[in-house]
Every structure is written in C-alpha cells, then in structure tokens.
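Here is input_23.tsv, consisting of TSV, C-alpha atoms and all ligand atoms:
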```tsv
chain	number	residue	atom	x	y	z
A	228	MET	CA	0.00	0.00	0.00
A	229	THR	CA	1.29	3.48	-0.88
A	230	PRO	CA	-0.68	5.89	1.27
A	231	SER	CA	0.72	9.05	-0.23
A	232	PRO	CA	0.12	9.67	-3.93
A	233	ASN	CA	3.27	11.74	-4.07
A	234	PRO	CA	5.87	10.33	-1.65
A	235	THR	CA	8.83	12.60	-1.00
A	236	SER	CA	12.13	12.25	0.79
A	237	SER	CA	10.41	13.28	4.04
A	238	GLU	CA	8.46	10.04	4.29
A	239	GLU	CA	9.00	7.90	7.37
A	240	ARG	CA	7.90	4.55	8.69
A	241	ILE	CA	4.52	4.72	10.33
A	242	ASN	CA	5.68	3.10	13.58
A	243	LYS	CA	8.32	5.81	13.96
A	244	PHE	CA	5.75	8.49	13.21
A	245	LEU	CA	3.36	7.14	15.85
A	246	ALA	CA	6.17	6.93	18.38
A	247	ARG	CA	7.23	10.52	17.70
A	248	ALA	CA	3.64	11.61	18.20
A	249	GLY	CA	3.70	9.95	21.63
A	250	VAL	CA	0.96	7.47	20.77
A	251	SER	CA	3.07	4.45	21.76
A	252	SER	CA	6.54	3.00	21.49
A	253	ARG	CA	7.63	1.86	18.02
A	254	ARG	CA	6.86	-1.74	18.98
A	255	GLY	CA	3.53	-0.74	20.45
A	256	ALA	CA	2.71	0.99	17.15
A	257	GLU	CA	3.24	-2.28	15.33
A	258	GLU	CA	0.76	-3.91	17.69
A	259	LEU	CA	-1.77	-1.16	16.94
A	260	ILE	CA	-1.31	-1.79	13.22
A	261	SER	CA	-1.67	-5.56	13.63
A	262	ALA	CA	-4.84	-4.96	15.63
A	263	GLY	CA	-6.30	-3.02	12.69
A	264	ARG	CA	-6.54	0.25	14.60
A	265	VAL	CA	-4.49	2.45	12.26
A	266	ARG	CA	-5.63	4.14	9.04
A	267	VAL	CA	-3.78	6.37	6.60
A	268	ASN	CA	-5.87	8.65	4.41
A	269	GLY	CA	-8.85	6.53	5.36
A	270	ASN	CA	-7.26	3.23	4.34
A	271	LEU	CA	-6.62	0.50	6.88
A	272	VAL	CA	-2.89	-0.09	7.33
A	273	THR	CA	-1.99	-3.75	6.99
A	274	GLU	CA	1.78	-3.61	6.49
A	275	LEU	CA	4.09	-2.79	9.39
A	276	GLY	CA	6.62	-1.15	7.06
A	277	THR	CA	4.13	1.35	5.64
A	278	LYS	CA	5.59	4.81	5.13
A	279	VAL	CA	3.84	8.13	5.55
A	280	VAL	CA	4.59	11.74	4.73
A	281	PRO	CA	3.86	13.51	8.02
A	282	ASP	CA	2.83	16.87	6.55
A	283	HIS	CA	0.65	15.29	3.92
A	284	ASP	CA	-0.92	12.04	5.06
A	285	VAL	CA	-3.73	11.84	7.58
A	286	VAL	CA	-2.88	9.13	10.09
A	287	GLU	CA	-5.63	7.99	12.43
A	288	VAL	CA	-5.61	5.67	15.42
A	289	ASP	CA	-9.05	4.46	16.45
A	290	GLY	CA	-10.48	7.13	14.18
A	291	VAL	CA	-8.60	10.01	15.83
A	292	ALA	CA	-6.10	11.99	13.73
A	293	VAL	CA	-2.53	11.94	15.03
A	294	ARG	CA	-0.20	14.89	14.66
A	295	VAL	CA	3.50	15.31	15.38
A	296	CYS	CA	4.76	18.61	16.60
A	297	ALA	CA	8.35	19.07	15.41
A	298	ASP	CA	8.72	22.19	17.52
A	299	ARG	CA	9.16	20.38	20.80
A	300	ARG	CA	9.45	21.78	24.31
A	301	TYR	CA	11.82	20.53	27.02
A	302	VAL	CA	11.47	21.97	30.49
A	303	VAL	CA	12.76	21.08	33.94
A	304	LEU	CA	10.68	21.72	37.06
A	305	ASN	CA	12.11	21.87	40.58
A	306	LYS	CA	9.15	20.07	42.06
A	307	PRO	CA	8.11	21.11	45.56
A	308	ALA	CA	6.65	18.68	48.10
A	309	GLY	CA	2.87	18.43	48.18
A	310	TYR	CA	2.25	18.19	44.42
A	311	VAL	CA	1.21	14.98	42.67
A	312	SER	CA	2.93	14.14	39.38
A	313	THR	CA	-0.19	13.96	37.24
A	314	LEU	CA	-2.06	16.50	35.17
A	315	LYS	CA	-5.35	15.91	37.00
A	316	ASP	CA	-5.93	14.46	40.44
A	317	PRO	CA	-9.31	12.85	41.16
A	318	GLN	CA	-8.82	13.73	44.85
A	319	GLY	CA	-8.33	17.41	44.00
A	320	ARG	CA	-4.78	17.66	45.38
A	321	PRO	CA	-2.34	20.18	43.85
A	322	THR	CA	-0.75	18.78	40.67
A	323	VAL	CA	2.39	19.61	38.72
A	324	ALA	CA	0.11	20.95	35.94
A	325	GLU	CA	-0.34	24.03	38.14
A	326	LEU	CA	3.41	24.67	38.00
A	327	MET	CA	3.85	24.24	34.26
A	328	PRO	CA	4.88	27.23	32.15
A	329	GLU	CA	2.52	28.80	29.58
A	330	THR	CA	4.18	27.50	26.42
A	331	GLY	CA	1.07	27.08	24.33
A	332	HIS	CA	2.04	23.40	24.17
A	333	ARG	CA	0.48	20.58	26.13
A	334	LEU	CA	3.33	19.35	28.27
A	335	PHE	CA	3.36	16.21	30.37
A	336	ASN	CA	5.72	14.95	33.04
A	337	VAL	CA	8.34	12.29	32.26
A	338	GLY	CA	7.71	9.68	34.93
A	339	ARG	CA	6.65	10.54	38.44
A	340	LEU	CA	8.01	11.72	41.72
A	341	ASP	CA	6.11	10.88	44.92
A	342	ARG	CA	3.98	13.67	46.30
A	343	ASP	CA	6.54	14.44	48.99
A	344	THR	CA	9.62	14.10	46.76
A	345	THR	CA	11.27	17.31	45.54
A	346	GLY	CA	13.63	18.09	42.68
A	347	VAL	CA	14.13	17.35	39.00
A	348	LEU	CA	10.98	16.56	37.04
A	349	LEU	CA	11.18	16.80	33.25
A	350	LEU	CA	8.24	18.19	31.29
A	351	THR	CA	7.94	17.78	27.53
A	352	ASP	CA	5.64	17.21	24.60
A	353	ASP	CA	8.17	14.84	22.97
A	354	GLY	CA	6.34	11.55	23.31
A	355	GLU	CA	9.02	9.33	21.85
A	356	LEU	CA	11.73	10.70	24.12
A	357	ALA	CA	9.48	10.41	27.18
A	358	HIS	CA	8.73	6.77	26.39
A	359	ARG	CA	12.43	6.00	26.14
A	360	LEU	CA	13.45	7.89	29.26
A	361	MET	CA	10.95	5.88	31.27
A	362	HIS	CA	11.84	2.53	29.73
A	363	PRO	CA	14.21	0.42	31.88
A	364	ARG	CA	16.01	-0.79	28.74
A	365	TYR	CA	17.76	2.55	28.26
A	366	HIS	CA	19.11	2.58	31.85
A	367	VAL	CA	18.89	6.35	32.22
A	368	SER	CA	20.42	7.19	35.61
A	369	LYS	CA	18.64	9.20	38.29
A	370	GLU	CA	20.41	10.66	41.29
A	371	TYR	CA	18.77	11.27	44.68
A	372	LEU	CA	19.65	12.71	48.05
A	373	ALA	CA	17.74	10.87	50.75
A	374	THR	CA	17.54	12.11	54.32
A	375	VAL	CA	17.08	9.00	56.43
A	376	ALA	CA	16.41	8.20	60.06
A	377	GLY	CA	19.45	6.90	61.92
A	378	ARG	CA	23.04	6.37	60.86
A	379	PRO	CA	23.49	3.70	58.16
A	380	SER	CA	26.67	1.65	58.49
A	381	GLU	CA	28.98	1.01	55.56
A	382	ALA	CA	27.76	-2.63	55.55
A	383	THR	CA	24.17	-1.40	55.22
A	384	LEU	CA	25.06	0.91	52.34
A	385	ALA	CA	26.90	-1.99	50.66
A	386	LEU	CA	23.68	-4.03	50.83
A	387	VAL	CA	21.76	-1.28	49.03
A	388	ARG	CA	24.62	-0.94	46.54
A	389	HIS	CA	24.49	-4.60	45.57
A	390	GLY	CA	20.71	-4.82	45.39
A	391	VAL	CA	17.94	-5.37	47.90
A	392	GLU	CA	15.04	-7.75	47.66
A	393	LEU	CA	11.76	-5.82	47.39
A	394	ASP	CA	8.27	-7.26	46.97
A	395	ASP	CA	8.60	-6.70	43.21
A	396	GLY	CA	12.05	-8.34	43.01
A	397	LEU	CA	15.74	-7.64	43.50
A	398	THR	CA	16.89	-4.12	42.66
A	399	ARG	CA	19.73	-3.62	40.20
A	400	PRO	CA	23.11	-2.51	41.58
A	401	ALA	CA	23.11	1.16	42.58
A	402	GLU	CA	25.75	3.74	43.46
A	403	VAL	CA	25.29	4.54	47.13
A	404	THR	CA	27.41	6.86	49.27
A	405	ALA	CA	27.02	8.49	52.66
A	406	GLU	CA	26.80	12.24	52.16
A	407	ARG	CA	26.46	13.15	55.85
A	408	LEU	CA	26.26	10.80	58.81
A	409	GLY	CA	24.54	11.94	62.01
A	410	ASP	CA	23.27	10.21	65.13
A	411	THR	CA	19.57	10.82	64.48
A	412	THR	CA	19.46	11.58	60.74
A	413	SER	CA	21.83	11.07	57.82
A	414	VAL	CA	21.94	11.93	54.14
A	415	VAL	CA	22.58	9.24	51.55
A	416	ARG	CA	23.29	9.83	47.85
A	417	LEU	CA	21.96	7.17	45.46
A	418	VAL	CA	22.18	6.73	41.71
A	419	ILE	CA	19.70	4.22	40.29
A	420	ARG	CA	18.85	3.17	36.75
A	421	GLU	CA	15.36	1.86	37.38
A	422	GLY	CA	12.13	3.68	38.07
A	423	ARG	CA	9.95	1.48	40.21
A	424	LYS	CA	7.25	2.96	42.38
A	425	ARG	CA	8.67	4.51	45.58
A	426	GLN	CA	11.88	2.68	44.82
A	427	VAL	CA	14.37	4.71	46.84
A	428	ARG	CA	12.07	4.85	49.87
A	429	ARG	CA	11.53	1.09	49.71
A	430	MET	CA	15.23	0.28	49.19
A	431	LEU	CA	16.25	2.25	52.24
A	432	ALA	CA	13.32	1.03	54.36
A	433	ALA	CA	14.29	-2.55	53.46
A	434	VAL	CA	17.62	-2.03	55.25
A	435	GLY	CA	16.04	-0.34	58.26
A	436	HIS	CA	16.25	3.37	57.39
A	437	ARG	CA	13.04	5.30	56.91
A	438	VAL	CA	13.29	8.10	54.35
A	439	LEU	CA	12.35	11.44	55.91
A	440	ALA	CA	12.95	13.57	52.80
A	441	LEU	CA	13.83	12.75	49.22
A	442	HIS	CA	15.22	15.09	46.56
A	443	ARG	CA	16.08	14.17	42.96
A	444	VAL	CA	19.18	16.09	41.95
A	445	ARG	CA	19.60	14.70	38.43
A	446	PHE	CA	17.70	12.89	35.71
A	447	GLY	CA	20.11	11.57	33.08
A	448	PRO	CA	22.26	14.58	32.17
A	449	ILE	CA	19.77	17.16	33.54
A	450	GLU	CA	20.36	18.98	36.84
A	451	LEU	CA	18.51	21.89	38.41
A	452	GLY	CA	21.30	24.46	38.42
A	453	ASP	CA	20.10	27.36	40.59
A	454	LEU	CA	16.42	26.82	39.78
A	455	PRO	CA	14.30	27.66	42.85
A	456	LEU	CA	11.74	25.20	44.21
A	457	GLY	CA	8.45	25.41	42.32
A	458	GLU	CA	10.03	27.10	39.27
A	459	THR	CA	10.64	25.84	35.73
A	460	ARG	CA	13.24	26.63	33.09
A	461	ALA	CA	13.60	25.57	29.44
A	462	LEU	CA	16.52	23.24	28.79
A	463	SER	CA	19.42	24.73	26.83
A	464	ASP	CA	20.14	23.31	23.37
A	465	ALA	CA	23.15	21.47	24.82
A	466	GLU	CA	21.04	19.94	27.61
A	467	THR	CA	18.34	18.92	25.15
A	468	ALA	CA	20.89	17.27	22.87
A	469	ALA	CA	22.45	15.43	25.83
A	470	LEU	CA	19.03	14.24	27.01
A	471	ILE	CA	18.10	12.98	23.54
A	472	ALA	CA	21.47	11.20	23.29
A	473	SER	CA	20.99	9.60	26.73
A	474	ALA	CA	17.92	7.86	25.32
A	475	GLY	CA	19.76	6.74	22.17
A	476	LEU	CA	17.80	9.05	19.87
A	477	GLU	CA	20.65	11.27	18.69
A	478	GLY	CA	20.28	10.23	15.06
A	479	ARG	CA	16.58	10.97	15.02
A	480	GLU	CA	15.27	13.01	12.13
A	481	ASP	CA	12.45	15.46	12.68
B	501	LIG	N1	12.06	6.86	44.60
B	501	LIG	C1	11.10	7.09	45.50
B	501	LIG	O1	10.97	6.36	46.46
B	501	LIG	N2	10.31	8.16	45.32
B	501	LIG	C2	10.42	9.00	44.28
B	501	LIG	O2	9.66	9.97	44.18
B	501	LIG	C3	11.43	8.75	43.34
B	501	LIG	C4	12.23	7.66	43.52
```
Would you kindly transcribe this structure into structure tokens?
Amino acid sequence: MTPSPNPTSSEERINKFLARAGVSSRRGAEELISAGRVRVNGNLVTELGTKVVPDHDVVEVDGVAVRVCADRRYVVLNKPAGYVSTLKDPQGRPTVAELMPETGHRLFNVGRLDRDTTGVLLLTDDGELAHRLMHPRYHVSKEYLATVAGRPSEATLALVRHGVELDDGLTRPAEVTAERLGDTTSVVRLVIREGRKRQVRRMLAAVGHRVLALHRVRFGPIELGDLPLGETRALSDAETAALIASAGLEGRED
C-alpha cells in the first residue's frame, strides 16, 4: 500500500511516526497496526513497514487523527513537596500541571516523583523521548539525596549498593554513598537506573532506614542548576541534545 500519492524524501515509517507523536513505542505501534486500529488517508494499514509523509498524510488511530509537533518543548521543574505528578488528580490535590509554564504546548511529566519528593521533574511534549526515558532498557540514571532516620553503616550501604530484595524483586546494583552521617538523621546519595514505584524509599526502608525527605538532583544529564523550588526553566540546546542522546535518539530526524 502506498498511502501518499506523491511520496517525498520526508516520508517515514509509520511506527516511527506514531512513536514521535507519543501514541506508543515503536513496537507498540506495530501492535496497533496488527490490531487493525491504524488508518492512513482513510485506508486500513496492513503492512508494518508502511511509510507516511507527516505533513501530507492523515494518520488515524481508532479514528482520531494523530499529529506530530516538530517544535518540541523541554522543560525542567524543581518540584516542591505536596504536588502529585499527574495533570489531574481525582482527589483534587495540587498537581504539577499548576506549575507548568505557559508554552502554548500541552506538556506532560516524564515519569513521576512521589507527592513528597522534591527536585528534577522533566516536562515535555516529545512523546518518543518520554517513552524512552521511562523505559528500563535505556538505563537512564537518576540521582537522589535521601535524608534518612538513623546512621546507616557502611555494611548497610553496601547491601543497598548490591541490590535489595523488594516485593517486586531484586533491585539492580546502585551507586550509594554516605553524604552526611549523624546520630539521628543522615543523608545518603543514590544513583539508580530503574524507576519502580517509591523505589528509593523502599530500598532504604528494606535495610532499616526510613526516608524522611527525598530530593532528585539529576535525571540523566539534567540537573537543576540554581532553579528555585516550584520554578521551571527551558533546557538549553546542549542539555536537550544530551538528554536525547541519553535515550539513544541522537540520530533521530524530525
Ligand atoms: N524513589 C522514590 O521512592 N520516590 C520518588 O519519588 C522517586 C524515587
């Protein structure tokens, strides 16, 4: 099937197009096609290798037209405590949507921080990048400072470093160092490459240290700089390029 009557050099595979639009991963797009949910210019797509011309062809998933915005936004928020990492909260609690800048673009958060966690939260409308950054396969590192109850011993930190057994399985090895050791509270720095729910809190609780405060200082190559709590800033071109490279998308064409 040739969906476009006049294919040009800007054509691209439909699974890549759907991934760039944030509809799904490239693999997930193939599943949508196999399930008969994708149409191009009104015609059902049957071949996984179908190509489309983004500015010309009308691609629909479940009857809804899909568009890719090449002019993408990349923003970092220094998330304060008390905000949930969703755009809408059924319980009416404050959400990160209230802290998003007016860009005229519909941004969404890349992954989640717990309500009480502070620090780096990426906001973007780049669906493909967001998918990758959240996928464990790309091992994007995240760095945290955890204030814990008590004074963890070096043996305890070594346990966390090597991996602790949680109810959803053994954690991958992590970089773990004592930042400040005190008698009642201490600060531990951790770098992990997974993103399970409440992972840092559970890892430290599993070795007997309750997390009292948690701050994400870095997501992949992105740090806060001097960004105040509750504020956002656009990533620089260099930061954006580094972030895209960290997810293995550096050769991506727009
Ligand atoms: N680990 C946690 O426990 N909470 C977060 O918000 C992020 C990582």
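Inspection of the environment of ligand LIG 501 (chain B), which uses all atoms listed in the file and a cut-off of 8 Å, identifies the neighbouring residues as Arg339, Leu340, Asp341, Arg342, Asp343, Thr344, Thr345, Tyr371, Gly422, Arg423, Lys424, Arg425, Gln426, Val427, Arg428, Arg429, Met430, Leu441, His442 and Arg443 of chain A.
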Handout entry: Separation of atom CA of A:Pro321 from atom CA of A:Leu456, in Å and rounded to one decimal
Key =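 Interatomic distance, atom CA of A:Pro321 to atom CA of A:Leu456: 15.0 Å.
Among the candidates A:Gly269, A:Gly390, A:Gly377, A:Gly331, the residue lying nearest to A:Asp289 is A:Gly269 (atoms considered: only C-alpha atoms).
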Which centre and which edge lengths, in Å to one decimal, describe the axis-aligned box that holds all listed atoms of stretch 348-358 of chain A after 8 Å is added on each side, as JSON?
```
{"center_x": 8.7, "center_y": 12.5, "center_z": 29.4, "size_x": 22.1, "size_y": 27.4, "size_z": 31.2}
```
Exercise for the section: Measure the distance from atom CA of A:Glu329 to atom CA of A:Asp352 in Å and round it to one decimal. Expected result: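 Separating atom CA of A:Glu329 from atom CA of A:Asp352 is a distance of 13.0 Å.
With all atoms listed in the file as the atoms that count, the minimum distance from A:Asp394 to the choices A:Val367, A:Val438, A:Ala433, A:Tyr301 is reached by A:Ala433.
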Practice task
Excluding A:Glu325 and residues on its chain fewer than 5 positions from it, collect all residues at most 10 Å away from it, counting only C-alpha atoms, and give them as a PyMOL selection string.
Solution key: chain A and resi 310+314-315+457
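Going from atom CA of A:Leu417 to atom CA of A:Ser380 covers 14.9 Å.
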Practice task
Show which residues sit within 10 Å of stretch 356-359 of chain A, as a PyMOL selection string. Count only C-alpha atoms, and ignore same-chain residues fewer than 6 positions away.
Solution key: chain A and resi 246-247+249-253+335-338+349-350+365-367+470-476
Practice task
Write out as a ChimeraX atom specification which residues come within 12 Å of A:Leu462 when counting all atoms listed in the file, dropping same-chain ones fewer than 2 positions away.
Solution key: /A:299-304,348-351,448-452,454,459-460,464-471
Handout entry: From A:Val291, A:Val418, A:Ala405, A:Ile260, residue lying nearest A:Thr277 [only C-alpha atoms]
Key =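 Closest to A:Thr277 of all the choices is A:Ile260.
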Spatial neighbours of A:Glu238, 7 Å, all atoms listed in the file, chain gap at least 5 places, as a compact mmCIF listing (two decimals) with C-alpha atoms, keeping the file's coordinate frame:
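Dumped everything to part.txt:
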```txt
# COMPACT_ATOMS: atom_id res chain seq x y z
CA LYS A 278 5.59 4.81 5.13
CA VAL A 279 3.84 8.13 5.55
CA VAL A 280 4.59 11.74 4.73
CA PRO A 281 3.86 13.51 8.02
```
Handout entry: Option closest in space to A:Leu360, from A:Leu326, A:Gln318, A:Ala308, A:Arg420 [counting all atoms listed in the file]
Key =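 Ranking A:Leu326, A:Gln318, A:Ala308, A:Arg420 by distance to A:Leu360, first place goes to A:Arg420.
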Exercise for the section: Between A:Val323, A:Val267, A:Leu259, A:Val415, single out the one closest to A:Val375, counting all atoms listed in the file. Expected result: A:Val415
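With only C-alpha atoms as the basis for measurement, A:Val434 is the residue among A:Gly409, A:Met361, A:Asp282, A:Val434 that approaches A:Ala385 most closely.
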Problem - Non-local contacts of A:Glu406 (12 Å; only C-alpha atoms; under 4 positions in same chain excluded) as a PyMOL selection string - result: chain A and resi 371-375+378-379+381+384+412-417
